[in-house]
Structure formats: C-alpha cells, structure tokens
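Enquirer: Take a look at this one; I'll ask things after.
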Amino acid sequence: MEGTDERNRTDPSPEKRDSSAQTDRKLRGHGPRLSEVNLFTLLSLWMELFHQEQPEEDGVPVRGTGLVVALNGNVVGLHCSGAELHAGQAAIIQHGARLADCQLYFSRRPCATCLKMAINAGVAQISFWPGDPEISMLTSTPSDQPSGQSHGAPERLTEEAALDAVATEKLKSNSRPPICVRLQPPAPGLLQFVDETSRECDFMEAAANEEDAGELFSREQKRHLKTLSRRFLVETSGRHRDILTRMGLENFCNEPCFSNLRGDMLELVRLLAAVAAGVPRQRYGFYREELSAPEPSPPFCHTEVSQEVARHCIIQARLLAYRTEDPKSGVGAVIWARGQSTGAAGAGRLHLMGCGYNAYPAGSQYAQYPQMDDKQEDRQRRKYRYIVHAEQNALTFRTRAFQPEETTMLFVTKCPCDECVPLICGAGIKHIYTTDQDKDRDKGDISYLRFSSLKNISKFIWRRSPSPPPPRLTNGCVQDDPGRRGNKRLSATRSHDSPT
C-alpha cells in the first residue's frame with residue numbers, strides 16, 4: 001500500500017504507465033503529455049471541488065471526496081460526495097456490480113463504509129491521495145471546532161476517526177485488490193507547457209479582447225494555487241505528517257518518500273491551478289448564442305446548468321486535452337446527462353455519459369501515422385485524416401445509451417468541426433458548451449462551417465458577461481422584465497462562485 005517502497009507509487013512497466021484505451025503508445029512524441037495515472041488523479045481532485053447546491057454544515061467530520069471510476073483506461077464514472085451520500089456510495093448505487101475489474105481513484109482515503117463496499121464489488125485497484133481522510137482528523141481538537149459545539153464533541157470525533165482508521169487498515173490488509181498511492185512525477189516540461197498553453201487557450205483569447213489576459217491569468221492562477229495547496233497539501237508538511245501518523249502510516253512519513261510524494265502532488269496542484277486559471281471566473285461565462293429568429297432569446301438567458309457547474313465541466317475537458325497525442329491542438333470533451341434520478345449524489349442529477357480527447361486510433365503506436373499539420377504542403381503527410389477527435393472518442397466510449405427524456409450536454413474545449421457536427425446531431429445532444437474562436441473558418445483539411453447552422457441544439461458560447469438591458473419605464477415607473485429576472489438569477493449564481 002502506502003509503504004516507503006517507491007514501486008508502490010508508480011507502475012512497474014513503462015509501457016503500461018503510458019498506455020491508453022485510445023492509443024497504446026510505446027514511443028514518446030515531441031511534446032509532454034499527462035500520464036493516465038496523473039490524469040485520473042487530477043480529475044478526482046477536481047471532482048472534490050464540484051459546486052454543491054446544498055453545502056455540508058460546518059462541524060461535520062466527513063470531508064467531501066472526489067472519485068474517478070476507470071475501466072481499461074477509459075473514464076466510466078465521475079462522482080463526488082453530497083449532503084448524504086459519499087462519493088464511493090454514489091458509485092456503488094450507479095454502477096453496482098459493473099464496478100468489477102474497475103480502478104477507483106479517490107481524492108483522499110475513503111471511509112471504511114465506502115472501502116468495504118468497493119472491495120466487495122470486486123474492483124481491480126483502489127488508489128487515493130493520503131491527505132486528510134474522508135473521516136476527517138482535522139476536527140479532533142477543541143481549537144478546530146466551530147463555536148457553539150459541546151465540549152464532548154471533540155472526543156467523539158477523535159474516537160470516530162480513530163476507529164475508522166483501524167477499520168480501513170484491516171480492510172486494506174485483508175483485501176484482494178491492491179490499495180495504494182498511484183502518483184507519478186509529471187513529465188519533464190509538462191508544467192511549463194500547461195502554463196503556456198493555458199495562457200493562450202481559446203478561453204483566454206476571448207478574454208484578451210477585453211483586458212490584459214496575462215494579468216488576469218496570473219491573478220486566477222495564484223488564487224487557485226493557494227486554495228488547492230491548502231486543501232490537498234494540508235498547509236504544512238508537519239500537519240500532514242501528524243495526520244498520517246494518526247492514520248497508522250508512520251512509516252510513510254520517513255524521508256525521502258514523504259517529501260517526494262508531496263513534491264509530486266505539489267507539481268500536480270500547480271498544473272491543476274494553471275488549467276483552471278485558463279477559464280477565468282470573473283466577468284466571463286457561457287451564454288446562449290443569439291438565434292436568427294424574429295425575437296431571439298436574450299444572450300444572458302439561464303443555461304441548463306449553473307455557471308459554476310458549466311465552468312467546472314469545461315475544466316474537466318481541458319484536463320483531458322493534456323492527455324492528447326496531438327500537443328499542438330489538444331482537445332478534450334465531456335458529455336453529461338441531466339435526468340430525474342438523484343443517484344449522482346454531489347453532482348446533483350448529472351450523470352457522466354462519456355469523455356475523450358483527440359488521439360490516434362486505439363492500439364496504434366506513435367509515429368505510425370503522419371504528424372504534420374496544415375503547414376506541410378503534401379496533404380498526404382498531414383495528420384487530420386487519422387486523428388480521432390475528442391467528441392468522437394467521448395461518443396464511442398460512452399458509459400450507456402442516451403435516453404430521450406434526459407438532457408445531454410457536451411462540454412468541449414474547441415468549436416466542433418464539420419466532421420463532428422453530424423455525430424453530435426445524430427447522438428441527440430441538446431446543449432453544447434464551447435468557444436467560437438474557430439467558428440466559420442475553413443482551414444482546408446479541417447473546417448468549422450457547419451457549427452453556425454446547427455439546429456435544435458442550444459449553443460452556449462464562452463464570452464464576457466453581457467450587460468443587462470436598461471429597465472423599461474412606464475409613467476415614470478420601472479416595469480418588471482422577465483429577461484432581467486433571468487439575469488438576476490444568473491448574477492446571483494455568479495456571486496457565489498468559488499473554487500471549492
């Protein structure tokens with residue numbers, strides 16, 4: 001498990017370490033790439049920060065947790081804790097026996113209840129980041145308790161956390177699937193690559209038309225880094241060491257393993273902060289594209305999901321994009337469905353339908369296909385006819401069939417091209433959240449002309465928050481306006497924006 005052996009932190013085989021269901025690449029390309037293990041780890045950390053409509057009350061000893069369910073290198077489930085269900089419990093409810101042979105990536109050590117159910121389902125592997133566990137140990141001292149609690153509460157929380165730590169250790173030692181920490185050092189140059197591409201991504205390009213994009217990005221990056229470091233690195237190594245000791249992991253605190261592990265996580269936290277900063281929170285959001293109708297819908301009308309959720313999902317897609325084998329134009333896509341069931345726990349009524357990134361066909365090796373872009377004069381040596389697009393992979397490896405009564409939403413980091421538009425329409429996707437930087441462009445090998453003519457699909461485009469229309473005056477009195485009411489709701493939603 002989380003012993004000091006370095007082999008427990010990385011895969012033993014280099015080929016397996018960089019494998020993917022979309023491409024099994026043995027030779028590395030010319031650009032840095034996010035490993036599969038670190039991608040799933042980052043997605044679990046980000047799912048822990050999913051916007052909660054009903055936040056937990058202060059003083060509750062259970063910490064929210066994010067969970068990624070992976071099967072054969074594909075993400076088949078994204079879950080997070082809610083007001084009543086833990087992330088692991090939500091996964092059991094949604095997947096059941098289908099969890100057999102899956103790999104589970106938790107953002108922190110799960111509680112004994114979630115762990116025993118996951119083991120019983122026959123999962124292949126369970127991994128987590130060993131920070132403050134799901135049954136929190138940060139509320140076990142009187143100074144950590146909110147005001148107004150009884151003096152006996154700290155002792156009860158200490159006993160509950162200690163009992164849970166003993167139970168999870170016994171479950172771990174007697175379980176068939178390995179329970180470990182799977183964390184790898186990021187590829188050399190990856191952090192710099194993510195920082196540079198995030199500063200110049202389509203979302204920041206839209207912001208650059210209005211203000212200093214570099215200053216905006218730096219401000220967002222610092223804010224995210226501070227929040228993420230405090231949450232996942234437990235502020236200081238001393239406090240982190242104390243938590244691990246109380247969890248029964250004293251040997252894990254020995255140097256150099258402990259410092260190396262925190263160093264690798266710090267690199268991932270910095271990477272996640274850069275990716276999140278590429279989609280700035282303030283003064284920007286997704287707004288419905290105006291329709292060519294006699295009375296078009298106002299651009300500030302309410303979206304299917306809140307701005308916080310839409311922004312969270314597009315950052316999921318941006319994380320997936322860094323797993324691509326086409327570093328110059330990495331694209332990620334996530335498909336969520338909104339139904340009547342509430343089994344998704346912290347994600348509300350959202351259920352993951354599929355996700356993907358642009359890559360070469362499954363089973364291929366790097367350099368088997370052309371790598372040139374449109375700057376190469378010989379069109380036969382260009383990559384465009386061989387790359388499987390992010391939207392295509394998300395639809396191919398979807399978790400289940402689309403249901404007519406559900407609202408399906410596609411979050412994609414670039415405007416869908418003409419090759420993907422018919423697939424999106426045929427699949428029955430009802431909402432698209434994206435940018436329009438490439439809309440109506442024809443680049444020869446790849447064009448974006450059909451996106452503008454999409455019908456029966458609502459398009460929500462990333463841009464600066466539009467100003468509400470001026471109030472109507474009748475006999476000197478301000479008359480209520482349905483459009484302005486919708487804008488007030490959206491503004492109220494934005495006012496509660498928070499990375500956590």
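The chains in the structure tokens are called A, B, ... from first to last as shown; in each chain the residues are counted from 1, and the ligands are counted from 1 in the order shown.
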List the spatial neighbours of segment 45-50 of chain A as a PDB file with N, CA and C atoms, in the first residue's frame - criterion: any atom at most 6 Å away, only C-alpha atoms, same-chain residues fewer than 4 positions off excluded.
Expert:
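Result file selection-v2.pdb:
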ATOM      1  N   THR A  65     -15.316  14.195  -1.003  1.00  0.00           N
ATOM      2  CA  THR A  65     -14.342  13.371  -1.723  1.00  0.00           C
ATOM      3  C   THR A  65     -14.726  13.288  -3.191  1.00  0.00           C
ATOM      4  N   GLY A  66     -13.723  13.287  -4.064  1.00  0.00           N
ATOM      5  CA  GLY A  66     -13.936  13.066  -5.480  1.00  0.00           C
ATOM      6  C   GLY A  66     -13.497  11.659  -5.859  1.00  0.00           C
ATOM      7  N   CYS A  80     -18.767  12.612  -6.768  1.00  0.00           N
ATOM      8  CA  CYS A  80     -18.324  13.426  -5.643  1.00  0.00           C
ATOM      9  C   CYS A  80     -19.330  13.292  -4.517  1.00  0.00           C
ATOM     10  N   SER A 107      -9.891  11.074  -4.196  1.00  0.00           N
ATOM     11  CA  SER A 107      -9.103  12.272  -3.913  1.00  0.00           C
ATOM     12  C   SER A 107      -8.522  12.256  -2.505  1.00  0.00           C
ATOM     13  N   THR A 500     -14.107  26.092  -4.476  1.00  0.00           N
ATOM     14  CA  THR A 500     -14.428  24.926  -3.687  1.00  0.00           C
ATOM     15  C   THR A 500     -15.922  24.667  -3.672  1.00  0.00           C
TER      16      THR A 500
END
Enquirer: Write out as a list in words the residues lying within 9 Å of segment 235-245 of chain A, counting only C-alpha atoms and excluding same-chain residues fewer than 4 positions away.
Expert: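 Answer for this query is Pro130, Gly131, Asp132, Pro133, Met137, Leu138, Ser229, Arg230, Arg231, Leu249, Glu250, Asn251, Phe252, Cys253, Phe258, Ser259 and Arg262 of chain A.
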Enquirer: I need the residue nearest Asp418 of chain A from this list: A:Arg246, A:Ala390, A:Tyr448, A:Ala401. Use only C-alpha atoms for the distance.
Expert: A:Tyr448
Enquirer: Atom CA of Gly77 of chain A to atom CA of Tyr322 of chain A: how many Å, to one decimal?
Expert: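 A separation of 19.1 Å between them.
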Enquirer: Expressed in Å to a single decimal, how great is the separation between atom CA of Ile126 of chain A and atom CA of His95 of chain A?
Expert: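 It comes out at 15.6 Å.
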